[in-house]
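Let me begin by presenting the structure, written as structure tokens, before commenting on it.
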Amino acid sequence: MGLYRAVARPLFFALPPEAAHRLAQTLLCLPLPWERIGGAPDDAALRTSLAGIELSNPVGLAAGFDKSCRHLDALGRLGFGYVIGGTITRDPRPGNAKPRIARYPRRASLTNAMGLPNPGAESAARNLARSPRSGPRLASIGDQDPADVIATHVLLEPLVDGIELNASCPNVSWGRDRDNEAHLALLLRELRARRTTPLFVKLPPFRSIVEREVVLALARIAQDGGADGLTCSNTRSVADRRLSTGGGGLSGRELSPDTVRIVAEVRRATAGTLPINACGGVFTAADALACLEAGASTVQVYTGFIYHGPRVVRDMVTGLSRAPSGRYLAPASPPGQDGTRPGGFRREFGATAGAGERRPGPTRGSGGRPAAGGPQALR
Ligand SMILES: Cc1cc2nc3c(=O)[nH]c(=O)nc-3n(C[C@H](O)[C@H](O)[C@H](O)COP(=O)(O)O)c2cc1C
């Protein structure tokens, strides 16, 4: 058992979850040798391209850990292939009342009802501008009303390598009474004309047949609306009376089997045309491999980071490095359709649409901001 699990985790877990999180963030402000603490090896064979974003490995840090975008430099230096800040909304949000995180240590899971507390887009932009770039970084933005999404996007996009649109938070009130399919289609139309960096849509998980139809419909809308990739998935709604809201989103170990299944189904539904970031219960290299073999291009980690500590990324990257070459190439699809290259020096995961292979649309380095056009109503 490593130092984190033997010493640091018991100390963190002796504190209430949010106090432990604040302590972790205080530590991340210290000038510590984060590369050595993370210890992730640099294996050229794991380099990959996610919608044109060059990654040193396919293991990302999921949205929600650094809600203010203040610590992305230190987090990136732990060895993640990319890190995601946010979710950020147009205006600051206090989130839901506390308590809003519950741990289930025996199940290596958590339930949170944070409700997207964040400092707002202006403050997040200032934090990003101040923070050195240690590697690829994305900002997650909430799927609020179009004018808010666009204002947030305008502020954050120049400071990151890509945007993840969080269309799946179970802990916010907006979206309860709206037509989510029409809303997503509208957001994508509005963003399409303006954006210059890749856009990923983070979808909710599904278990029932009805949920499946809803999520696969959203995936196809994202595909048709020009999204550059999908993240599957967010937390799953559960009840927990310890939380002020009476329930929240379940994360961690219990999501692992669902994540593999969902990645495979979404990949099929989108015909392998979009890269998928697998998220939910990814703790080990074996979990990551299962997701990559199901068709994911990258994996994202949150709860695994809480339970396994900063070495989680080293363990995953090392395990992936040792996996037999080609084992985790996604099922072949017609050449040119998904950018998958069979074998070769650079391993390509899932539907990794490389910079030169992306579908037509705005790309960084392909001529800068696209000419203004398209729907203008919400400018
Ligand atoms: C405390 C907490 C806060 C989170 N906040 C966000 C968030 O702000 N935006 C988001 O897209 N996902 C958020 N998530 C969801 C994670 O990004 C991830 O999708 C989910 O936890 C499943 O992955 P995991 O099992 O590796 O944790 C949060 C998760 C937790 C546990």
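Convention: chains lettered A, B, ... in structure tokens order; per-chain residue numbering from 1; ligands numbered from 1 as shown.
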Among range 59-255 of chain A, which ones does DSSP assign to strand (DSSP E) (computed from the backbone)? Answer as a PyMOL selection string. chain A and resi 59-66+82-88+101-104+109-112+137-142+162-166+199-203+229-232+236-239+247-252
Within 7 Å of ligand 1, counting only C-alpha atoms and all ligand atoms, which protein or nucleic acid residues do you find, written as an NGL selection string? :A and (62-65 or 67 or 86-87 or 101 or 110-112 or 114 or 116 or 140 or 166 or 169 or 202 or 233-235 or 251-253 or 255 or 279-282 or 300-304)
Residues of range 252-313 of chain A in helix (DSSP H, G or I) according to DSSP, as an mmCIF file with C-alpha atoms, in the first residue's frame?
```
data_model
loop_
_atom_site.group_PDB
_atom_site.id
_atom_site.type_symbol
_atom_site.label_atom_id
_atom_site.label_comp_id
_atom_site.auth_asym_id
_atom_site.auth_seq_id
_atom_site.Cartn_x
_atom_site.Cartn_y
_atom_site.Cartn_z
ATOM 1 C CA ARG A 253 -16.319 2.316 -8.240
ATOM 2 C CA GLU A 254 -19.987 1.565 -8.592
ATOM 3 C CA LEU A 255 -20.081 3.310 -11.954
ATOM 4 C CA SER A 256 -17.311 1.237 -13.594
ATOM 5 C CA PRO A 257 -19.452 -1.409 -15.365
ATOM 6 C CA ASP A 258 -21.971 1.195 -16.519
ATOM 7 C CA THR A 259 -19.227 3.345 -18.002
ATOM 8 C CA VAL A 260 -17.867 0.573 -20.222
ATOM 9 C CA ARG A 261 -21.356 -0.322 -21.408
ATOM 10 C CA ILE A 262 -22.309 3.306 -22.053
ATOM 11 C CA VAL A 263 -19.114 4.019 -24.003
ATOM 12 C CA ALA A 264 -19.774 1.012 -26.237
ATOM 13 C CA GLU A 265 -23.398 1.994 -26.821
ATOM 14 C CA VAL A 266 -22.678 5.645 -27.507
ATOM 15 C CA ARG A 267 -19.867 4.710 -29.838
ATOM 16 C CA ARG A 268 -22.246 2.466 -31.776
ATOM 17 C CA ALA A 269 -24.956 5.124 -31.832
ATOM 18 C CA ALA A 285 -5.175 0.640 -15.703
ATOM 19 C CA ALA A 286 -7.535 -2.330 -16.088
ATOM 20 C CA ASP A 287 -10.531 0.027 -15.821
ATOM 21 C CA ALA A 288 -8.938 2.369 -18.338
ATOM 22 C CA LEU A 289 -8.180 -0.517 -20.713
ATOM 23 C CA ALA A 290 -11.760 -1.750 -20.513
ATOM 24 C CA CYS A 291 -12.984 1.721 -21.507
ATOM 25 C CA LEU A 292 -10.437 2.124 -24.299
ATOM 26 C CA GLU A 293 -11.287 -1.307 -25.651
ATOM 27 C CA THR A 303 -13.197 9.684 -7.449
ATOM 28 C CA GLY A 304 -10.235 7.407 -8.194
ATOM 29 C CA PHE A 305 -8.017 10.415 -7.456
ATOM 30 C CA ILE A 306 -9.702 10.848 -4.057
ATOM 31 C CA TYR A 307 -9.351 7.162 -3.135
ATOM 32 C CA HIS A 308 -5.964 6.366 -4.727
ATOM 33 C CA VAL A 312 -3.419 7.124 -9.594
ATOM 34 C CA VAL A 313 -2.256 8.622 -12.854
#
```
Kindly give the distance, in Å, that separates CA of Gly295 in chain A and CA of Leu50 in chain A, rounded to a single decimal.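 Computed distance, CA of Gly295 in chain A to CA of Leu50 in chain A, equals 13.2 Å.
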Can you pull out every residue within 8 Å of Ala219 in chain A, counting only C-alpha atoms, but drop anything in the same chain fewer than 3 positions away, and send it as a PyMOL selection string? chain A and resi 203+215-216+222-223+230+266+269-270
Find the residues around range 152-163 of chain A up to 6 Å (only C-alpha atoms counted), leave out those fewer than 3 positions away in its own chain, and share them as an NGL selection string. :A and (90 or 121 or 125 or 137-140 or 149 or 197-199)
Since we have the selection now, will you write its residues out, keeping C-alpha atoms, as a tab-separated table (two decimals), in the first residue's frame?
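Result written to selection_9.tsv:
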```tsv
chain	number	residue	atom	x	y	z
A	90	ARG	CA	-21.57	32.93	-16.18
A	121	ALA	CA	-16.61	33.08	-15.63
A	125	ALA	CA	-10.74	33.56	-16.61
A	137	ARG	CA	-6.31	22.01	-20.20
A	138	LEU	CA	-10.03	22.26	-20.80
A	139	ALA	CA	-12.71	24.31	-19.14
A	140	SER	CA	-16.07	22.82	-18.31
A	149	VAL	CA	-23.12	29.88	-22.19
A	197	THR	CA	-11.24	25.09	-30.08
A	198	PRO	CA	-12.71	21.60	-29.78
A	199	LEU	CA	-16.00	21.25	-27.95
```
